[in-house]
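Visitor: Before anything else, here's the structure in question.
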Amino acid sequence: MKLLASYDEVVDRLGPSRALLLGNGFSIGFDDRFRYRALRERTNLELPEIARDLFERLGTSSFEVVMEVLESAGWVNRHYGGAQVDPQIDDDVAATRHAMVAAIEQDHVPGLGHGAEREGDTMSTRVDVVADFLDRFDRVFTTNYDLLLYWCCLAAHQRGRSRWRDGFLRRQGDAFGTFTPDLDVRLFFLHGALHLYEHAMSHGGDLTARKRVRSEERSLRDLVREMIGEKSFPLVIAEGSAERKLQRIRANRYLSAAFDAFGRLEGDLVVYGHRLGLSDRHLLRAMIDAEALETLFVGLYDDPESPGNLETRAAIARLEQEAGDQAPETFFFPSQTAPVWTRPD
């Protein structure tokens, strides 16, 4: 294992073409409320009984693990049940997914620019720090559903830093922005997000995504909360397996375009706060198929021998084995040394 001493060494090695993949560690670095355990505790009352039992039985806090078991149960049921398939399984999968989305929104940070302070840093300072971190990259991809990254890019844009275009345009007065793939898109939500909603391009036509935008009178968070309250759920890819995730991605033009952009990676890719577990094997497959991808820098938080980090290292080992001679050179780095939300001392 090639372990670099710090993120500074990553910066020194980056070439002219570089991309960034963000996982849940990005949000956890802002606030622990985004940890899976905290998320599960907030959703417990809204979960179907079978989902609550599975969390306990499996000893996990991961929604994806629970949903993978439920989806597998549905497959087995369909295999043996014939015409007598129990629709309750699909209902429980949907209810578990909706509970997760509602929990992410329920305890979401109120937004940037409110002057909230954490350890002496104002939100304004944190926006500047994270914008500096992002600005090293040509493209940014995220699998997170929450609004943190979008808020940061929006706040940076309001300060004249307009680098992070997500490809959504809206006419003045419209409540939604429409995805326009011809734009120079630099920010991609690979698994959807709270502010994105599925949209049929025409009656009975292909699906794409629209972006919910805030109004002068109401915040985006309030609008998202209202839509969830009305059972209009955001476009979120929370299936339990990589295969099911990829099926849903390919069924939506926006998500498919984002995934294709990830598959065209070239040069260097930095992975920050992402475990690259089995349910994200479709991302590993895209990295394997990206023949122009030369170097991977993968962040490991704290002890490289921890169970989560061993899972990440095993994923990279699979990538290297399957890619063979085409495998990118891989370096690991301690992710806690990256200046994402606070500047180094």
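Numbering starts fresh at 1 for the residues of each chain in the structure tokens, the chains themselves are lettered A, B, ... in the order given, and ligands are numbered from 1 as they appear.
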I'd like the contact shell of Gln321 in chain A - 12 Å cut-off, only C-alpha atoms, skipping same-chain residues fewer than 5 positions apart - returned as a list in words.

Guide: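 Selected residues are Leu284, Arg285, Ile288, Ala314, Ala315, Ile316, Gln326, Ala327 and Pro328 of chain A.
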
Visitor: Run DSSP on the backbone and grab whatever in range 46-200 of chain A lands in helix (DSSP H, G or I); send it over as a ChimeraX atom specification.

Guide: /A:46,49-58,63-84,88-106,123-134,148-158

Visitor: Give me, as a list of chain:residue names, all polymer residues having an atom no more than 6 Å from range 132-146 of chain A, counting only C-alpha atoms and skipping those fewer than 5 positions away in the same chain.

Guide: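 Surrounding residues, per the criterion: A:Arg18, A:Ala19, A:Leu20, A:Leu21, A:Leu22, A:Gly23, A:Asn24, A:Arg186, A:Leu187, A:Phe188, A:Phe189, A:Leu190, A:His191, A:Ala193, A:Leu194, A:Val340.
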
Visitor: Go ahead and save the picked residues with N, CA, C and O atoms, as a tab-separated table (two decimals), in the first residue's frame.

Guide:
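File again37.tsv, as written:
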chain	number	residue	atom	x	y	z
A	18	ARG	N	-7.68	16.92	-13.25
A	18	ARG	CA	-7.97	16.29	-11.96
A	18	ARG	C	-9.45	16.42	-11.61
A	18	ARG	O	-10.08	17.45	-11.89
A	19	ALA	N	-10.00	15.34	-11.02
A	19	ALA	CA	-11.40	15.32	-10.61
A	19	ALA	C	-11.47	14.89	-9.15
A	19	ALA	O	-10.52	14.33	-8.59
A	20	LEU	N	-12.63	15.14	-8.54
A	20	LEU	CA	-12.85	14.84	-7.14
A	20	LEU	C	-14.15	14.05	-6.98
A	20	LEU	O	-15.17	14.41	-7.57
A	21	LEU	N	-14.09	12.96	-6.21
A	21	LEU	CA	-15.29	12.20	-5.85
A	21	LEU	C	-15.50	12.33	-4.34
A	21	LEU	O	-14.62	11.97	-3.55
A	22	LEU	N	-16.67	12.84	-3.96
A	22	LEU	CA	-17.00	13.04	-2.55
A	22	LEU	C	-18.01	12.01	-2.07
A	22	LEU	O	-18.97	11.69	-2.77
A	23	GLY	N	-17.78	11.51	-0.86
A	23	GLY	CA	-18.73	10.62	-0.20
A	23	GLY	C	-19.23	11.24	1.09
A	23	GLY	O	-19.03	12.44	1.35
A	24	ASN	N	-19.85	10.42	1.92
A	24	ASN	CA	-20.51	10.95	3.12
A	24	ASN	C	-19.53	11.55	4.11
A	24	ASN	O	-19.91	12.36	4.96
A	186	ARG	N	-19.73	21.13	-14.43
A	186	ARG	CA	-18.55	20.80	-13.61
A	186	ARG	C	-18.91	20.18	-12.26
A	186	ARG	O	-18.04	19.75	-11.52
A	187	LEU	N	-20.20	20.13	-11.94
A	187	LEU	CA	-20.66	19.59	-10.67
A	187	LEU	C	-21.74	18.55	-10.94
A	187	LEU	O	-22.75	18.85	-11.60
A	188	PHE	N	-21.55	17.33	-10.45
A	188	PHE	CA	-22.44	16.22	-10.79
A	188	PHE	C	-22.91	15.52	-9.51
A	188	PHE	O	-22.10	15.15	-8.67
A	189	PHE	N	-24.22	15.33	-9.41
A	189	PHE	CA	-24.82	14.58	-8.30
A	189	PHE	C	-25.14	13.17	-8.81
A	189	PHE	O	-26.20	12.93	-9.38
A	190	LEU	N	-24.21	12.26	-8.60
A	190	LEU	CA	-24.29	10.94	-9.21
A	190	LEU	C	-25.50	10.13	-8.75
A	190	LEU	O	-26.02	9.31	-9.50
A	191	HIS	N	-25.91	10.33	-7.50
A	191	HIS	CA	-27.03	9.57	-6.95
A	191	HIS	C	-28.22	10.46	-6.63
A	191	HIS	O	-29.06	10.12	-5.79
A	193	ALA	N	-30.16	14.09	-5.34
A	193	ALA	CA	-30.00	14.96	-4.18
A	193	ALA	C	-31.36	15.49	-3.75
A	193	ALA	O	-32.36	15.36	-4.47
A	194	LEU	N	-31.39	16.10	-2.57
A	194	LEU	CA	-32.64	16.60	-2.02
A	194	LEU	C	-33.29	17.66	-2.90
A	194	LEU	O	-34.52	17.82	-2.87
A	340	VAL	N	-10.66	20.67	4.24
A	340	VAL	CA	-11.98	20.71	3.58
A	340	VAL	C	-12.87	21.75	4.22
A	340	VAL	O	-13.43	22.61	3.53

Visitor: Under the rule that only C-alpha atoms are counted, which of A:Ala94, A:Ala258, A:Val65, A:Leu47 is the nearest residue to Phe233 in chain A?

Guide: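 Once distances to Phe233 in chain A are computed over only C-alpha atoms, the minimum belongs to A:Ala94.
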
Visitor: Just the residues within 8 Å of Arg210 in chain A, please, counting only C-alpha atoms, with nothing from its chain fewer than 4 positions along; format it as a count of residues only.

Guide: 9

Visitor: Just the number, please: distance in Å from CA of Arg170 in chain A to CA of Ala102 in chain A, one decimal.

Guide: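 So the answer is 25.9 Å.
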
Visitor: Just the residues within 8 Å of range 68-74 of chain A, please, counting only C-alpha atoms, with nothing from its chain fewer than 6 positions along; format it as a short mmCIF file (atom, residue, chain, number, x, y, z; two decimals) with all heavy atoms, in the first residue's frame.

Guide:
data_model
loop_
_atom_site.label_atom_id
_atom_site.label_comp_id
_atom_site.auth_asym_id
_atom_site.auth_seq_id
_atom_site.Cartn_x
_atom_site.Cartn_y
_atom_site.Cartn_z
N ILE A 89 -43.30 -6.25 0.43
CA ILE A 89 -41.85 -6.10 0.39
C ILE A 89 -41.47 -4.83 -0.35
O ILE A 89 -40.68 -4.01 0.14
CB ILE A 89 -41.19 -7.33 -0.26
CG1 ILE A 89 -41.44 -8.58 0.60
CG2 ILE A 89 -39.69 -7.10 -0.43
CD1 ILE A 89 -40.90 -9.85 0.00
N ASP A 90 -42.04 -4.63 -1.54
CA ASP A 90 -41.73 -3.42 -2.29
C ASP A 90 -42.19 -2.18 -1.53
O ASP A 90 -41.52 -1.13 -1.56
CB ASP A 90 -42.39 -3.48 -3.67
CG ASP A 90 -41.74 -4.49 -4.60
OD1 ASP A 90 -40.57 -4.84 -4.34
OD2 ASP A 90 -42.40 -4.94 -5.54
N ASP A 92 -42.26 -1.86 1.71
CA ASP A 92 -41.32 -1.63 2.81
C ASP A 92 -40.01 -1.03 2.30
O ASP A 92 -39.41 -0.18 2.96
CB ASP A 92 -41.04 -2.94 3.54
CG ASP A 92 -42.21 -3.40 4.41
OD1 ASP A 92 -43.04 -2.54 4.76
OD2 ASP A 92 -42.29 -4.60 4.71
N VAL A 93 -39.56 -1.46 1.12
CA VAL A 93 -38.37 -0.86 0.52
C VAL A 93 -38.60 0.62 0.26
O VAL A 93 -37.77 1.47 0.61
CB VAL A 93 -37.99 -1.58 -0.79
CG1 VAL A 93 -36.88 -0.81 -1.51
CG2 VAL A 93 -37.52 -2.99 -0.50
N GLU A 239 -30.89 2.63 -3.59
CA GLU A 239 -31.06 1.19 -3.67
C GLU A 239 -29.91 0.48 -2.95
O GLU A 239 -28.82 1.03 -2.80
CB GLU A 239 -31.11 0.75 -5.13
CG GLU A 239 -32.49 0.87 -5.77
CD GLU A 239 -32.99 2.29 -5.87
OE1 GLU A 239 -32.19 3.22 -5.84
OE2 GLU A 239 -34.22 2.46 -5.99
N GLY A 240 -30.15 -0.76 -2.54
CA GLY A 240 -29.18 -1.45 -1.71
C GLY A 240 -28.03 -2.09 -2.47
O GLY A 240 -27.02 -2.43 -1.87
N SER A 241 -28.16 -2.29 -3.76
CA SER A 241 -27.10 -2.96 -4.53
C SER A 241 -26.64 -2.06 -5.66
O SER A 241 -27.38 -1.19 -6.14
CB SER A 241 -27.60 -4.29 -5.10
OG SER A 241 -28.58 -4.06 -6.11
#

Visitor: Have a look at CA of Gly263 in chain A and CA of Leu310 in chain A and let me know their distance in Å, one decimal.

Guide: 24.7 Å

Visitor: Considering only C-alpha atoms, can you say which of A:Phe259, A:Pro48, A:Leu149, A:Ile249 comes closest to Thr208 in chain A?

Guide: A:Ile249

Visitor: Can you work out the spacing between CA of Arg281 in chain A and CA of Gly167 in chain A in Å, to one decimal?

Guide: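 Answer for the CA of Arg281 in chain A to CA of Gly167 in chain A separation: 25.9 Å.
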
Visitor: Using only C-alpha atoms, determine which residues lie at most 6 Å from range 289-302 of chain A, disregarding the query and same-chain residues fewer than 5 positions distant; provide the list as a PDB file with all heavy atoms, in the first residue's frame.

Guide:
ATOM      1  N   GLY A 263     -17.479   8.246 -16.037  1.00  0.00           N
ATOM      2  CA  GLY A 263     -16.803   7.189 -16.782  1.00  0.00           C
ATOM      3  C   GLY A 263     -15.794   7.706 -17.793  1.00  0.00           C
ATOM      4  O   GLY A 263     -15.032   6.907 -18.358  1.00  0.00           O
ATOM      5  N   ARG A 264     -15.789   9.019 -18.040  1.00  0.00           N
ATOM      6  CA  ARG A 264     -14.811   9.611 -18.963  1.00  0.00           C
ATOM      7  C   ARG A 264     -13.660  10.274 -18.205  1.00  0.00           C
ATOM      8  O   ARG A 264     -12.977  11.142 -18.746  1.00  0.00           O
ATOM      9  CB  ARG A 264     -15.488  10.631 -19.874  1.00  0.00           C
ATOM     10  CG  ARG A 264     -16.497  10.019 -20.852  1.00  0.00           C
ATOM     11  CD  ARG A 264     -16.915  11.028 -21.911  1.00  0.00           C
ATOM     12  NE  ARG A 264     -17.617  12.157 -21.317  1.00  0.00           N
ATOM     13  CZ  ARG A 264     -18.934  12.216 -21.138  1.00  0.00           C
ATOM     14  NH1 ARG A 264     -19.692  11.179 -21.495  1.00  0.00           N
ATOM     15  NH2 ARG A 264     -19.504  13.283 -20.606  1.00  0.00           N
ATOM     16  N   LEU A 265     -13.440   9.854 -16.981  1.00  0.00           N
ATOM     17  CA  LEU A 265     -12.358  10.433 -16.189  1.00  0.00           C
ATOM     18  C   LEU A 265     -11.025  10.286 -16.901  1.00  0.00           C
ATOM     19  O   LEU A 265     -10.748   9.282 -17.557  1.00  0.00           O
ATOM     20  CB  LEU A 265     -12.274   9.730 -14.829  1.00  0.00           C
ATOM     21  CG  LEU A 265     -13.396  10.013 -13.824  1.00  0.00           C
ATOM     22  CD1 LEU A 265     -13.315   9.024 -12.668  1.00  0.00           C
ATOM     23  CD2 LEU A 265     -13.304  11.443 -13.313  1.00  0.00           C
ATOM     24  N   GLU A 266     -10.198  11.298 -16.751  1.00  0.00           N
ATOM     25  CA  GLU A 266      -8.841  11.224 -17.272  1.00  0.00           C
ATOM     26  C   GLU A 266      -7.912  11.957 -16.324  1.00  0.00           C
ATOM     27  O   GLU A 266      -8.324  12.824 -15.562  1.00  0.00           O
ATOM     28  CB  GLU A 266      -8.763  11.833 -18.668  1.00  0.00           C
ATOM     29  CG  GLU A 266      -9.225  13.265 -18.763  1.00  0.00           C
ATOM     30  CD  GLU A 266      -9.212  13.775 -20.194  1.00  0.00           C
ATOM     31  OE1 GLU A 266      -9.601  13.020 -21.104  1.00  0.00           O
ATOM     32  OE2 GLU A 266      -8.802  14.940 -20.390  1.00  0.00           O
ATOM     33  N   GLY A 267      -6.670  11.561 -16.341  1.00  0.00           N
ATOM     34  CA  GLY A 267      -5.706  12.202 -15.445  1.00  0.00           C
ATOM     35  C   GLY A 267      -5.832  11.648 -14.034  1.00  0.00           C
ATOM     36  O   GLY A 267      -5.696  10.438 -13.808  1.00  0.00           O
ATOM     37  N   ASP A 268      -6.132  12.514 -13.074  1.00  0.00           N
ATOM     38  CA  ASP A 268      -6.127  12.140 -11.662  1.00  0.00           C
ATOM     39  C   ASP A 268      -7.530  12.219 -11.057  1.00  0.00           C
ATOM     40  O   ASP A 268      -8.327  13.083 -11.429  1.00  0.00           O
ATOM     41  CB  ASP A 268      -5.211  13.078 -10.864  1.00  0.00           C
ATOM     42  CG  ASP A 268      -3.782  13.085 -11.388  1.00  0.00           C
ATOM     43  OD1 ASP A 268      -3.353  12.050 -11.935  1.00  0.00           O
ATOM     44  OD2 ASP A 268      -3.110  14.127 -11.261  1.00  0.00           O
ATOM     45  N   LEU A 269      -7.798  11.318 -10.116  1.00  0.00           N
ATOM     46  CA  LEU A 269      -9.039  11.336  -9.350  1.00  0.00           C
ATOM     47  C   LEU A 269      -8.698  11.264  -7.868  1.00  0.00           C
ATOM     48  O   LEU A 269      -7.990  10.352  -7.430  1.00  0.00           O
ATOM     49  CB  LEU A 269      -9.947  10.163  -9.723  1.00  0.00           C
ATOM     50  CG  LEU A 269     -11.214  10.000  -8.863  1.00  0.00           C
ATOM     51  CD1 LEU A 269     -12.156  11.186  -9.060  1.00  0.00           C
ATOM     52  CD2 LEU A 269     -11.921   8.678  -9.166  1.00  0.00           C
ATOM     53  N   VAL A 270      -9.208  12.217  -7.096  1.00  0.00           N
ATOM     54  CA  VAL A 270      -9.091  12.195  -5.639  1.00  0.00           C
ATOM     55  C   VAL A 270     -10.423  11.731  -5.070  1.00  0.00           C
ATOM     56  O   VAL A 270     -11.478  12.269  -5.421  1.00  0.00           O
ATOM     57  CB  VAL A 270      -8.713  13.592  -5.086  1.00  0.00           C
ATOM     58  CG1 VAL A 270      -8.744  13.591  -3.551  1.00  0.00           C
ATOM     59  CG2 VAL A 270      -7.332  13.999  -5.580  1.00  0.00           C
ATOM     60  N   VAL A 271     -10.381  10.727  -4.204  1.00  0.00           N
ATOM     61  CA  VAL A 271     -11.573  10.200  -3.546  1.00  0.00           C
ATOM     62  C   VAL A 271     -11.512  10.617  -2.081  1.00  0.00           C
ATOM     63  O   VAL A 271     -10.589  10.228  -1.360  1.00  0.00           O
ATOM     64  CB  VAL A 271     -11.650   8.665  -3.667  1.00  0.00           C
ATOM     65  CG1 VAL A 271     -12.904   8.140  -2.973  1.00  0.00           C
ATOM     66  CG2 VAL A 271     -11.615   8.239  -5.129  1.00  0.00           C
ATOM     67  N   TYR A 272     -12.490  11.392  -1.662  1.00  0.00           N
ATOM     68  CA  TYR A 272     -12.489  11.906  -0.289  1.00  0.00           C
ATOM     69  C   TYR A 272     -13.790  11.520   0.415  1.00  0.00           C
ATOM     70  O   TYR A 272     -14.891  11.782  -0.090  1.00  0.00           O
ATOM     71  CB  TYR A 272     -12.342  13.435  -0.276  1.00  0.00           C
ATOM     72  CG  TYR A 272     -12.409  14.018   1.123  1.00  0.00           C
ATOM     73  CD1 TYR A 272     -11.268  14.070   1.914  1.00  0.00           C
ATOM     74  CD2 TYR A 272     -13.607  14.471   1.651  1.00  0.00           C
ATOM     75  CE1 TYR A 272     -11.324  14.570   3.209  1.00  0.00           C
ATOM     76  CE2 TYR A 272     -13.670  14.967   2.943  1.00  0.00           C
ATOM     77  CZ  TYR A 272     -12.524  15.020   3.714  1.00  0.00           C
ATOM     78  OH  TYR A 272     -12.593  15.495   4.997  1.00  0.00           O
ATOM     79  N   ASN A 309     -11.753   1.178   6.493  1.00  0.00           N
ATOM     80  CA  ASN A 309     -10.624   1.402   5.601  1.00  0.00           C
ATOM     81  C   ASN A 309     -10.174   0.112   4.924  1.00  0.00           C
ATOM     82  O   ASN A 309      -9.740   0.133   3.765  1.00  0.00           O
ATOM     83  CB  ASN A 309      -9.462   2.028   6.371  1.00  0.00           C
ATOM     84  CG  ASN A 309      -9.711   3.486   6.703  1.00  0.00           C
ATOM     85  OD1 ASN A 309     -10.440   4.175   6.004  1.00  0.00           O
ATOM     86  ND2 ASN A 309      -9.109   3.959   7.779  1.00  0.00           N
ATOM     87  N   PRO A 328      -5.022   2.375 -12.858  1.00  0.00           N
ATOM     88  CA  PRO A 328      -4.335   3.601 -12.472  1.00  0.00           C
ATOM     89  C   PRO A 328      -3.411   3.344 -11.277  1.00  0.00           C
ATOM     90  O   PRO A 328      -3.653   2.439 -10.468  1.00  0.00           O
ATOM     91  CB  PRO A 328      -5.474   4.542 -12.089  1.00  0.00           C
ATOM     92  CG  PRO A 328      -6.586   3.633 -11.672  1.00  0.00           C
ATOM     93  CD  PRO A 328      -6.465   2.413 -12.526  1.00  0.00           C
ATOM     94  N   GLU A 329      -2.372   4.123 -11.179  1.00  0.00           N
ATOM     95  CA  GLU A 329      -1.515   4.036  -9.996  1.00  0.00           C
ATOM     96  C   GLU A 329      -2.283   4.602  -8.811  1.00  0.00           C
ATOM     97  O   GLU A 329      -2.929   5.647  -8.925  1.00  0.00           O
ATOM     98  CB  GLU A 329      -0.225   4.836 -10.206  1.00  0.00           C
ATOM     99  CG  GLU A 329       0.756   4.694  -9.058  1.00  0.00           C
ATOM    100  CD  GLU A 329       2.068   5.412  -9.317  1.00  0.00           C
ATOM    101  OE1 GLU A 329       2.113   6.260 -10.246  1.00  0.00           O
ATOM    102  OE2 GLU A 329       3.040   5.137  -8.594  1.00  0.00           O
ATOM    103  N   THR A 330      -2.243   3.899  -7.684  1.00  0.00           N
ATOM    104  CA  THR A 330      -3.055   4.295  -6.535  1.00  0.00           C
ATOM    105  C   THR A 330      -2.192   4.679  -5.345  1.00  0.00           C
ATOM    106  O   THR A 330      -1.247   3.963  -4.994  1.00  0.00           O
ATOM    107  CB  THR A 330      -4.006   3.156  -6.113  1.00  0.00           C
ATOM    108  OG1 THR A 330      -4.869   2.831  -7.205  1.00  0.00           O
ATOM    109  CG2 THR A 330      -4.854   3.580  -4.921  1.00  0.00           C
ATOM    110  N   PHE A 331      -2.555   5.797  -4.740  1.00  0.00           N
ATOM    111  CA  PHE A 331      -1.950   6.253  -3.489  1.00  0.00           C
ATOM    112  C   PHE A 331      -3.070   6.474  -2.468  1.00  0.00           C
ATOM    113  O   PHE A 331      -4.161   6.933  -2.821  1.00  0.00           O
ATOM    114  CB  PHE A 331      -1.194   7.573  -3.680  1.00  0.00           C
ATOM    115  CG  PHE A 331      -0.034   7.487  -4.628  1.00  0.00           C
ATOM    116  CD1 PHE A 331      -0.212   7.736  -5.988  1.00  0.00           C
ATOM    117  CD2 PHE A 331       1.241   7.177  -4.171  1.00  0.00           C
ATOM    118  CE1 PHE A 331       0.851   7.673  -6.868  1.00  0.00           C
ATOM    119  CE2 PHE A 331       2.318   7.103  -5.052  1.00  0.00           C
ATOM    120  CZ  PHE A 331       2.120   7.359  -6.405  1.00  0.00           C
ATOM    121  N   PHE A 332      -2.794   6.145  -1.227  1.00  0.00           N
ATOM    122  CA  PHE A 332      -3.713   6.455  -0.140  1.00  0.00           C
ATOM    123  C   PHE A 332      -3.158   7.632   0.652  1.00  0.00           C
ATOM    124  O   PHE A 332      -1.942   7.847   0.691  1.00  0.00           O
ATOM    125  CB  PHE A 332      -3.895   5.242   0.773  1.00  0.00           C
ATOM    126  CG  PHE A 332      -4.547   4.068   0.098  1.00  0.00           C
ATOM    127  CD1 PHE A 332      -3.769   3.059  -0.477  1.00  0.00           C
ATOM    128  CD2 PHE A 332      -5.924   3.965   0.029  1.00  0.00           C
ATOM    129  CE1 PHE A 332      -4.359   1.979  -1.115  1.00  0.00           C
ATOM    130  CE2 PHE A 332      -6.530   2.889  -0.605  1.00  0.00           C
ATOM    131  CZ  PHE A 332      -5.752   1.893  -1.184  1.00  0.00           C
ATOM    132  N   PHE A 333      -4.053   8.391   1.258  1.00  0.00           N
ATOM    133  CA  PHE A 333      -3.613   9.514   2.078  1.00  0.00           C
ATOM    134  C   PHE A 333      -4.529   9.651   3.288  1.00  0.00           C
ATOM    135  O   PHE A 333      -5.704   9.228   3.239  1.00  0.00           O
ATOM    136  CB  PHE A 333      -3.608  10.815   1.259  1.00  0.00           C
ATOM    137  CG  PHE A 333      -4.977  11.318   0.867  1.00  0.00           C
ATOM    138  CD1 PHE A 333      -5.657  12.255   1.643  1.00  0.00           C
ATOM    139  CD2 PHE A 333      -5.599  10.863  -0.295  1.00  0.00           C
ATOM    140  CE1 PHE A 333      -6.917  12.718   1.285  1.00  0.00           C
ATOM    141  CE2 PHE A 333      -6.860  11.315  -0.668  1.00  0.00           C
ATOM    142  CZ  PHE A 333      -7.517  12.248   0.124  1.00  0.00           C
ATOM    143  N   PRO A 334      -4.051  10.214   4.394  1.00  0.00           N
ATOM    144  CA  PRO A 334      -4.908  10.425   5.569  1.00  0.00           C
ATOM    145  C   PRO A 334      -5.892  11.564   5.311  1.00  0.00           C
ATOM    146  O   PRO A 334      -5.494  12.732   5.217  1.00  0.00           O
ATOM    147  CB  PRO A 334      -3.917  10.756   6.688  1.00  0.00           C
ATOM    148  CG  PRO A 334      -2.693  11.246   5.996  1.00  0.00           C
ATOM    149  CD  PRO A 334      -2.652  10.582   4.659  1.00  0.00           C
ATOM    150  N   SER A 335      -7.162  11.240   5.183  1.00  0.00           N
ATOM    151  CA  SER A 335      -8.134  12.245   4.765  1.00  0.00           C
ATOM    152  C   SER A 335      -8.294  13.365   5.780  1.00  0.00           C
ATOM    153  O   SER A 335      -8.682  14.478   5.422  1.00  0.00           O
ATOM    154  CB  SER A 335      -9.492  11.579   4.495  1.00  0.00           C
ATOM    155  OG  SER A 335      -9.976  10.933   5.645  1.00  0.00           O
TER     156      SER A 335
END

Visitor: Could you write out, as a ChimeraX atom specification, all the residues of range 101-316 of chain A that DSSP marks as strand (DSSP E or B)?

Guide: /A:117-118,121-122,139-142,168-169,176-179,187-189,192,196-200,207-212,236,252,267-272,293-300

Visitor: Which of these, A:Ala286, A:Thr180, A:Arg78, A:Val101, has the shortest distance to Ala238 in chain A once you count only C-alpha atoms?

Guide: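 So, comparing all the options, the nearest one is A:Val101.
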